[in-house]
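J.: Structure: query.pdb, PDB, C-alpha atoms.
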```pdb
MODEL        1
ATOM      1  CA  MET A   1       0.000   0.000   0.000
ATOM      2  CA  SER A   2       1.455   3.378  -0.930
ATOM      3  CA  GLN A   3       1.655   6.316   1.458
ATOM      4  CA  THR A   4      -1.142   8.049  -0.437
ATOM      5  CA  GLU A   5      -3.564   5.177   0.181
ATOM      6  CA  PHE A   6      -4.132   5.738   3.884
ATOM      7  CA  ALA A   7      -5.664   8.714   5.605
ATOM      8  CA  PRO A   8      -3.259  11.131   7.320
ATOM      9  CA  ASP A   9      -5.609  11.399  10.298
ATOM     10  CA  GLN A  10      -5.424   7.616  10.730
ATOM     11  CA  ARG A  11      -1.656   7.816  10.973
ATOM     12  CA  GLN A  12      -1.903  10.741  13.374
ATOM     13  CA  GLN A  13      -4.310   8.850  15.632
ATOM     14  CA  ILE A  14      -1.796   6.008  15.841
ATOM     15  CA  VAL A  15       1.016   8.456  16.600
ATOM     16  CA  ASP A  16      -1.037  10.159  19.325
ATOM     17  CA  GLN A  17      -1.995   6.846  20.941
ATOM     18  CA  LEU A  18       1.515   5.386  20.926
ATOM     19  CA  ARG A  19       3.051   8.643  22.136
ATOM     20  CA  MET A  20       0.657   8.804  25.083
ATOM     21  CA  GLU A  21       1.306   5.166  26.008
ATOM     22  CA  ILE A  22       5.063   5.743  25.954
ATOM     23  CA  ILE A  23       4.901   8.947  28.014
ATOM     24  CA  THR A  24       2.646   7.359  30.626
ATOM     25  CA  GLY A  25       4.695   4.167  30.846
ATOM     26  CA  ARG A  26       2.103   1.823  29.387
ATOM     27  CA  ILE A  27       4.768   0.999  26.820
ATOM     28  CA  ALA A  28       8.033   0.714  28.739
ATOM     29  CA  GLU A  29      11.452   2.070  27.835
ATOM     30  CA  GLY A  30      13.343  -0.380  25.626
ATOM     31  CA  MET A  31      10.229  -2.255  24.538
ATOM     32  CA  PRO A  32      10.288  -3.332  20.862
ATOM     33  CA  LEU A  33       7.682  -1.829  18.541
ATOM     34  CA  ARG A  34       7.032  -4.286  15.728
ATOM     35  CA  GLU A  35       5.148  -3.200  12.637
ATOM     36  CA  VAL A  36       3.275  -6.481  12.248
ATOM     37  CA  SER A  37       1.897  -6.628  15.784
ATOM     38  CA  LEU A  38       1.027  -2.915  15.777
ATOM     39  CA  ALA A  39      -0.739  -3.276  12.435
ATOM     40  CA  GLU A  40      -2.809  -6.110  13.897
ATOM     41  CA  ARG A  41      -3.586  -4.094  17.014
ATOM     42  CA  PHE A  42      -4.752  -0.999  15.115
ATOM     43  CA  GLN A  43      -6.291  -3.063  12.293
ATOM     44  CA  VAL A  44      -4.414  -1.211   9.585
ATOM     45  CA  SER A  45      -1.735  -2.059   7.038
ATOM     46  CA  ARG A  46       1.927  -1.711   7.938
ATOM     47  CA  ALA A  47       2.273   1.529   5.929
ATOM     48  CA  PRO A  48       0.638   3.904   8.466
ATOM     49  CA  ILE A  49       2.434   2.085  11.279
ATOM     50  CA  ARG A  50       5.767   2.639   9.530
ATOM     51  CA  GLU A  51       5.004   6.340   9.051
ATOM     52  CA  ALA A  52       3.851   6.681  12.665
ATOM     53  CA  LEU A  53       7.074   5.138  13.947
ATOM     54  CA  LYS A  54       9.090   7.488  11.735
ATOM     55  CA  GLN A  55       7.324  10.469  13.301
ATOM     56  CA  LEU A  56       7.884   9.155  16.822
ATOM     57  CA  ALA A  57      11.552   8.591  15.986
ATOM     58  CA  HIS A  58      11.776  12.214  14.843
ATOM     59  CA  GLU A  59      10.309  13.249  18.204
ATOM     60  CA  GLY A  60      12.895  11.153  20.049
ATOM     61  CA  MET A  61      10.305   8.733  21.406
ATOM     62  CA  VAL A  62      11.560   5.638  19.575
ATOM     63  CA  GLU A  63      14.888   4.614  18.079
ATOM     64  CA  SER A  64      16.147   2.074  15.579
ATOM     65  CA  LYS A  65      18.768  -0.422  16.719
ATOM     66  CA  PRO A  66      20.749  -2.534  14.239
ATOM     67  CA  ASN A  67      19.251  -6.045  14.014
ATOM     68  CA  CYS A  68      16.673  -5.098  16.660
ATOM     69  CA  GLY A  69      14.197  -2.886  14.817
ATOM     70  CA  MET A  70      12.336  -0.067  16.525
ATOM     71  CA  ARG A  71      12.350   0.255  20.309
ATOM     72  CA  VAL A  72      11.155   2.837  22.814
ATOM     73  CA  ALA A  73      14.063   5.228  23.280
ATOM     74  CA  PRO A  74      15.591   5.935  26.714
ATOM     75  CA  SER A  75      14.083   8.924  28.498
ATOM     76  CA  SER A  76      16.000  12.183  28.793
ATOM     77  CA  SER A  77      18.600  12.655  31.503
ATOM     78  CA  ASP A  78      17.830  14.581  34.693
ATOM     79  CA  SER A  79      19.905  17.527  33.478
ATOM     80  CA  MET A  80      17.956  17.662  30.210
ATOM     81  CA  GLN A  81      14.687  17.594  32.119
ATOM     82  CA  GLU A  82      15.863  20.538  34.207
ATOM     83  CA  LEU A  83      16.297  22.415  30.921
ATOM     84  CA  ILE A  84      13.010  21.285  29.364
ATOM     85  CA  ILE A  85      10.616  22.034  32.242
ATOM     86  CA  PRO A  86      11.156  25.840  32.138
ATOM     87  CA  LEU A  87      10.771  25.744  28.350
ATOM     88  CA  ARG A  88       7.465  23.919  28.733
ATOM     89  CA  GLN A  89       6.337  26.503  31.290
ATOM     90  CA  THR A  90       7.169  29.296  28.847
ATOM     91  CA  VAL A  91       5.253  27.649  25.998
ATOM     92  CA  GLU A  92       2.132  26.988  28.095
ATOM     93  CA  SER A  93       2.181  30.497  29.561
ATOM     94  CA  PHE A  94       2.377  31.899  26.050
ATOM     95  CA  ALA A  95      -0.540  29.707  24.944
ATOM     96  CA  LEU A  96      -2.679  30.738  27.909
ATOM     97  CA  LYS A  97      -2.056  34.426  27.210
ATOM     98  CA  SER A  98      -3.147  33.915  23.610
ATOM     99  CA  ILE A  99      -6.522  32.393  24.557
ATOM    100  CA  PHE A 100      -7.358  33.866  27.962
ATOM    101  CA  ALA A 101      -9.564  36.746  26.822
ATOM    102  CA  ASP A 102     -11.628  34.427  24.631
ATOM    103  CA  LEU A 103     -12.268  31.512  26.997
ATOM    104  CA  SER A 104     -15.852  30.292  26.682
ATOM    105  CA  GLU A 105     -18.153  28.044  28.661
ATOM    106  CA  SER A 106     -17.416  25.192  26.264
ATOM    107  CA  ASP A 107     -13.731  25.464  27.231
ATOM    108  CA  PHE A 108     -14.626  25.156  30.892
ATOM    109  CA  GLU A 109     -16.963  22.232  30.175
ATOM    110  CA  GLU A 110     -14.059  20.425  28.513
ATOM    111  CA  TRP A 111     -11.820  21.055  31.531
ATOM    112  CA  GLU A 112     -14.550  20.013  33.971
ATOM    113  CA  PHE A 113     -14.901  16.705  32.137
ATOM    114  CA  ILE A 114     -11.141  16.116  32.359
ATOM    115  CA  LEU A 115     -11.268  16.994  36.062
ATOM    116  CA  SER A 116     -14.072  14.498  36.691
ATOM    117  CA  GLU A 117     -12.038  11.751  35.004
ATOM    118  CA  MET A 118      -8.948  12.857  36.913
ATOM    119  CA  LYS A 119     -10.797  12.545  40.217
ATOM    120  CA  ILE A 120     -11.735   8.941  39.419
ATOM    121  CA  ALA A 121      -8.142   8.134  38.465
ATOM    122  CA  CYS A 122      -6.915   9.645  41.742
ATOM    123  CA  GLU A 123      -9.461   7.749  43.830
ATOM    124  CA  THR A 124      -8.576   4.436  42.183
ATOM    125  CA  LYS A 125      -4.823   5.229  42.098
ATOM    126  CA  ASP A 126      -4.747   4.584  38.369
ATOM    127  CA  TYR A 127      -1.465   6.408  37.878
ATOM    128  CA  ALA A 128      -1.138   5.789  34.135
ATOM    129  CA  SER A 129      -4.592   7.281  33.502
ATOM    130  CA  LEU A 130      -3.801  10.152  35.855
ATOM    131  CA  ALA A 131      -0.645  10.995  33.902
ATOM    132  CA  GLU A 132      -2.605  10.782  30.649
ATOM    133  CA  LEU A 133      -5.322  13.108  31.915
ATOM    134  CA  ASP A 134      -2.749  15.588  33.199
ATOM    135  CA  ILE A 135      -1.172  15.647  29.731
ATOM    136  CA  LYS A 136      -4.600  16.041  28.081
ATOM    137  CA  PHE A 137      -5.442  18.965  30.372
ATOM    138  CA  HIS A 138      -2.302  20.886  29.442
ATOM    139  CA  GLN A 139      -2.536  19.854  25.793
ATOM    140  CA  SER A 140      -6.046  21.292  25.625
ATOM    141  CA  ILE A 141      -4.638  24.707  26.513
ATOM    142  CA  ILE A 142      -2.119  24.490  23.682
ATOM    143  CA  SER A 143      -4.735  23.224  21.209
ATOM    144  CA  LYS A 144      -6.913  26.299  21.766
ATOM    145  CA  SER A 145      -4.144  28.716  20.828
ATOM    146  CA  PRO A 146      -4.302  30.253  17.327
ATOM    147  CA  GLU A 147      -0.509  30.352  17.174
ATOM    148  CA  GLN A 148       0.698  28.059  14.386
ATOM    149  CA  GLY A 149       3.336  25.491  15.281
ATOM    150  CA  LEU A 150       2.883  25.806  19.036
ATOM    151  CA  MET A 151       1.534  22.265  19.399
ATOM    152  CA  SER A 152       4.517  20.675  17.662
ATOM    153  CA  ILE A 153       6.892  22.594  19.954
ATOM    154  CA  TRP A 154       4.922  21.518  23.031
ATOM    155  CA  ILE A 155       4.776  17.861  21.961
ATOM    156  CA  THR A 156       8.538  17.830  21.399
ATOM    157  CA  LEU A 157       9.094  19.124  24.936
ATOM    158  CA  VAL A 158       6.547  16.871  26.673
ATOM    159  CA  SER A 159       7.806  13.819  24.794
ATOM    160  CA  ARG A 160      11.157  14.309  26.506
ATOM    161  CA  LEU A 161       9.643  14.575  29.982
ATOM    162  CA  ARG A 162       8.682  10.912  30.351
ATOM    163  CA  ARG A 163      10.631  10.425  33.559
ATOM    164  CA  HIS A 164       9.056  13.552  35.017
ATOM    165  CA  PHE A 165       5.538  12.219  34.398
ATOM    166  CA  LEU A 166       6.260   8.656  35.495
ATOM    167  CA  GLU A 167       8.016   9.617  38.722
ATOM    168  CA  GLY A 168       5.617  12.458  39.460
ATOM    169  CA  PHE A 169       2.546  10.237  39.397
ATOM    170  CA  GLN A 170       3.972   7.143  41.069
ATOM    171  CA  LYS A 171       5.481   8.604  44.207
ATOM    172  CA  PRO A 172       3.886   7.373  47.467
ATOM    173  CA  ARG A 173       1.774  10.434  48.167
ATOM    174  CA  ASP A 174      -1.860  11.412  48.130
ATOM    175  CA  PRO A 175      -2.808  11.378  44.433
ATOM    176  CA  MET A 176      -5.845  13.561  45.184
ATOM    177  CA  LYS A 177      -3.414  16.456  45.462
ATOM    178  CA  VAL A 178      -3.008  16.295  41.669
ATOM    179  CA  TYR A 179      -6.772  16.599  41.225
ATOM    180  CA  TYR A 180      -7.108  19.537  43.623
ATOM    181  CA  GLU A 181      -4.203  21.360  41.962
ATOM    182  CA  HIS A 182      -6.020  21.210  38.636
ATOM    183  CA  VAL A 183      -9.331  22.241  40.218
ATOM    184  CA  ALA A 184      -7.534  25.321  41.553
ATOM    185  CA  ILE A 185      -6.085  26.092  38.115
ATOM    186  CA  VAL A 186      -9.515  25.988  36.459
ATOM    187  CA  ALA A 187     -10.998  28.092  39.255
ATOM    188  CA  MET A 188      -8.296  30.700  38.682
ATOM    189  CA  PHE A 189      -9.025  30.671  34.956
ATOM    190  CA  ARG A 190     -12.686  31.368  35.772
ATOM    191  CA  SER A 191     -11.669  34.348  37.890
ATOM    192  CA  GLY A 192     -10.546  36.154  34.754
ATOM    193  CA  LYS A 193      -7.230  37.154  36.322
ATOM    194  CA  LEU A 194      -4.471  36.431  33.836
ATOM    195  CA  GLU A 195      -1.281  36.746  35.873
ATOM    196  CA  PRO A 196      -2.482  34.606  38.831
ATOM    197  CA  SER A 197      -3.760  32.069  36.298
ATOM    198  CA  ILE A 198      -0.349  31.884  34.630
ATOM    199  CA  GLN A 199       1.292  31.452  38.035
ATOM    200  CA  ALA A 200      -1.099  28.639  38.974
ATOM    201  CA  LEU A 201      -0.409  26.905  35.662
ATOM    202  CA  VAL A 202       3.373  27.298  35.906
ATOM    203  CA  SER A 203       3.485  26.097  39.528
ATOM    204  CA  ASN A 204       1.747  22.884  38.519
ATOM    205  CA  MET A 205       4.652  22.045  36.202
ATOM    206  CA  ASP A 206       7.462  22.333  38.781
TER     207      ASP A 206
ENDMDL
END
```
Would you mind writing the file out in structure tokens?
T.:
Amino acid sequence: MSQTEFAPDQRQQIVDQLRMEIITGRIAEGMPLREVSLAERFQVSRAPIREALKQLAHEGMVESKPNCGMRVAPSSSDSMQELIIPLRQTVESFALKSIFADLSESDFEEWEFILSEMKIACETKDYASLAELDIKFHQSIISKSPEQGLMSIWITLVSRLRRHFLEGFQKPRDPMKVYYEHVAIVAMFRSGKLEPSIQALVSNMD
């Protein structure tokens, strides 16, 4: 099957799903990613799988090893994560500024739904789902921005913060704290105060 014979959105859905599973640890570091088994899982030909893996390799999520095929790449070092976190904070602050004046009730309904799912994940200590919902919450802010290219920058940064997400949501602490932090962020957004909202958002990413 040629590249032109499958829908780009199909490939992107596969990329998004695999990326999320790698970031949240559902697919572990070093795990092989075989085209045949992935094609069977997603019920597609190997062509979109091959293109999806190429994109994830470009993002640094997977790597090709001689005689081993594609595997999940090692996560970034601690020093790299110290560099990336402030960059992520800058990008999300920029995105929030670009949308803040135009936030609508539908935006808040979307966040309230994520919060309700996050509460369930906290109560059941489903840490993988909690990490996924945290990523979806922040990604929703980026997705609302009219600034072109912002999402690709954000994805590149978040993709390299795997260790940050995995360790942050699996430490022996009260997971409900994660839920309440996000409730406070949304409440601040509703207040209409931009600078305190940016501070609440940035603090959540420390």
J.: Hey, what's within 9 Å of Cys122 in chain A if we count all atoms listed in the file and toss same-chain stuff fewer than 4 positions away? As a list of chain:residue names, please?
T.: A:Glu117, A:Met118, A:Asp126, A:Tyr127, A:Ser129, A:Leu130, A:Asp174, A:Pro175, A:Met176, A:Lys177, A:Val178, A:Tyr179
J.: For Cys68 in chain A, which residue among A:Arg34, A:Glu51, A:Glu112, A:Glu123 is the nearest when counting all atoms listed in the file?
T.: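 Checking each of A:Arg34, A:Glu51, A:Glu112, A:Glu123 against Cys68 in chain A, counting all atoms listed in the file, the winner is A:Arg34.
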J.: With all atoms listed in the file as the basis for distance, which of A:Ala95, A:Met70, A:Met80, A:Ile114 is at the shortest distance from Phe137 in chain A?
T.: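 Looking only at the distances to Phe137 in chain A, the closest residue turns out to be A:Ile114.
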J.: Using the chain letters and numbers from the file, give me the residues hit by the PyMOL selection byres ((chain A and resi 183-199) around 12), as a ChimeraX atom specification.
T.: /A:89-105,107-116,118-119,134,137-138,141,176-182,200-206
J.: Quick one: residues within 6 Å of range 148-158 of chain A, only C-alpha atoms, excluding same-chain residues fewer than 2 positions away - as an MDAnalysis selection string?
T.: chainID A and resid 59 160:161
J.: Between CA of Arg163 in chain A and CA of Pro66 in chain A, what distance in Å does the model show, to one decimal?
T.: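 Calculated distance between CA of Arg163 in chain A and CA of Pro66 in chain A is 25.4 Å.
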J.: With all atoms listed in the file as the basis for distance, which of A:Ile135, A:Ala28, A:Met20, A:Val15 is at the shortest distance from Ala57 in chain A?
T.: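 That would be A:Val15, the residue with the smallest distance to Ala57 in chain A.
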J.: I would like the residues chosen by the PyMOL selection byres ((chain A and resi 164) around 12) on the shown file; could you give them as a PDB file with C-alpha atoms, in the frame of the given file?
T.:
```pdb
ATOM      1  CA  ILE A  23       4.901   8.947  28.014  1.00  0.00           C
ATOM      2  CA  THR A  24       2.646   7.359  30.626  1.00  0.00           C
ATOM      3  CA  GLY A  25       4.695   4.167  30.846  1.00  0.00           C
ATOM      4  CA  SER A  75      14.083   8.924  28.498  1.00  0.00           C
ATOM      5  CA  SER A  76      16.000  12.183  28.793  1.00  0.00           C
ATOM      6  CA  SER A  77      18.600  12.655  31.503  1.00  0.00           C
ATOM      7  CA  ASP A  78      17.830  14.581  34.693  1.00  0.00           C
ATOM      8  CA  SER A  79      19.905  17.527  33.478  1.00  0.00           C
ATOM      9  CA  MET A  80      17.956  17.662  30.210  1.00  0.00           C
ATOM     10  CA  GLN A  81      14.687  17.594  32.119  1.00  0.00           C
ATOM     11  CA  GLU A  82      15.863  20.538  34.207  1.00  0.00           C
ATOM     12  CA  ILE A  84      13.010  21.285  29.364  1.00  0.00           C
ATOM     13  CA  ILE A  85      10.616  22.034  32.242  1.00  0.00           C
ATOM     14  CA  ALA A 131      -0.645  10.995  33.902  1.00  0.00           C
ATOM     15  CA  ILE A 135      -1.172  15.647  29.731  1.00  0.00           C
ATOM     16  CA  LEU A 157       9.094  19.124  24.936  1.00  0.00           C
ATOM     17  CA  VAL A 158       6.547  16.871  26.673  1.00  0.00           C
ATOM     18  CA  SER A 159       7.806  13.819  24.794  1.00  0.00           C
ATOM     19  CA  ARG A 160      11.157  14.309  26.506  1.00  0.00           C
ATOM     20  CA  LEU A 161       9.643  14.575  29.982  1.00  0.00           C
ATOM     21  CA  ARG A 162       8.682  10.912  30.351  1.00  0.00           C
ATOM     22  CA  ARG A 163      10.631  10.425  33.559  1.00  0.00           C
ATOM     23  CA  PHE A 165       5.538  12.219  34.398  1.00  0.00           C
ATOM     24  CA  LEU A 166       6.260   8.656  35.495  1.00  0.00           C
ATOM     25  CA  GLU A 167       8.016   9.617  38.722  1.00  0.00           C
ATOM     26  CA  GLY A 168       5.617  12.458  39.460  1.00  0.00           C
ATOM     27  CA  PHE A 169       2.546  10.237  39.397  1.00  0.00           C
ATOM     28  CA  GLN A 170       3.972   7.143  41.069  1.00  0.00           C
ATOM     29  CA  LYS A 171       5.481   8.604  44.207  1.00  0.00           C
ATOM     30  CA  MET A 205       4.652  22.045  36.202  1.00  0.00           C
ATOM     31  CA  ASP A 206       7.462  22.333  38.781  1.00  0.00           C
TER      32      ASP A 206
END
```
J.: Report as a PyMOL selection string the full result of the PyMOL selection byres ((chain A and resi 53) around 9) when it is applied to this structure.
T.: chain A and resi 15+18+33+35+48-52+54-58+61-63+70
J.: Rounded to one decimal place, report the CA of Gly60 in chain A-CA of Pro86 in chain A distance in Å.
T.: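 Between these atoms lies a distance of 19.1 Å.
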J.: By how many Å are CA of Glu29 in chain A and CA of Arg46 in chain A apart?
T.: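 One can read the CA of Glu29 in chain A to CA of Arg46 in chain A distance as 22.4 Å.
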J.: Between A:Ala73, A:Ile14, A:Ile22, A:Leu133, single out the one closest to Ala47 in chain A, counting only C-alpha atoms.
T.: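 For Ala47 in chain A, the nearest of the candidates is A:Ile14.
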J.: Pick from A:Met31, A:Leu87, A:Val36, A:Ala121: nearest to Lys65 in chain A, with all atoms listed in the file counted?
T.: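 Going through A:Met31, A:Leu87, A:Val36, A:Ala121 one by one, the smallest distance to Lys65 in chain A is for A:Met31.
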J.: Can you work out which one of A:Ile120, A:Arg26, A:Val72, A:Val44 has the shortest atom-to-atom distance to Gln13 in chain A, counting all atoms listed in the file?
T.: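 Ranking A:Ile120, A:Arg26, A:Val72, A:Val44 by distance to Gln13 in chain A, first place goes to A:Val44.
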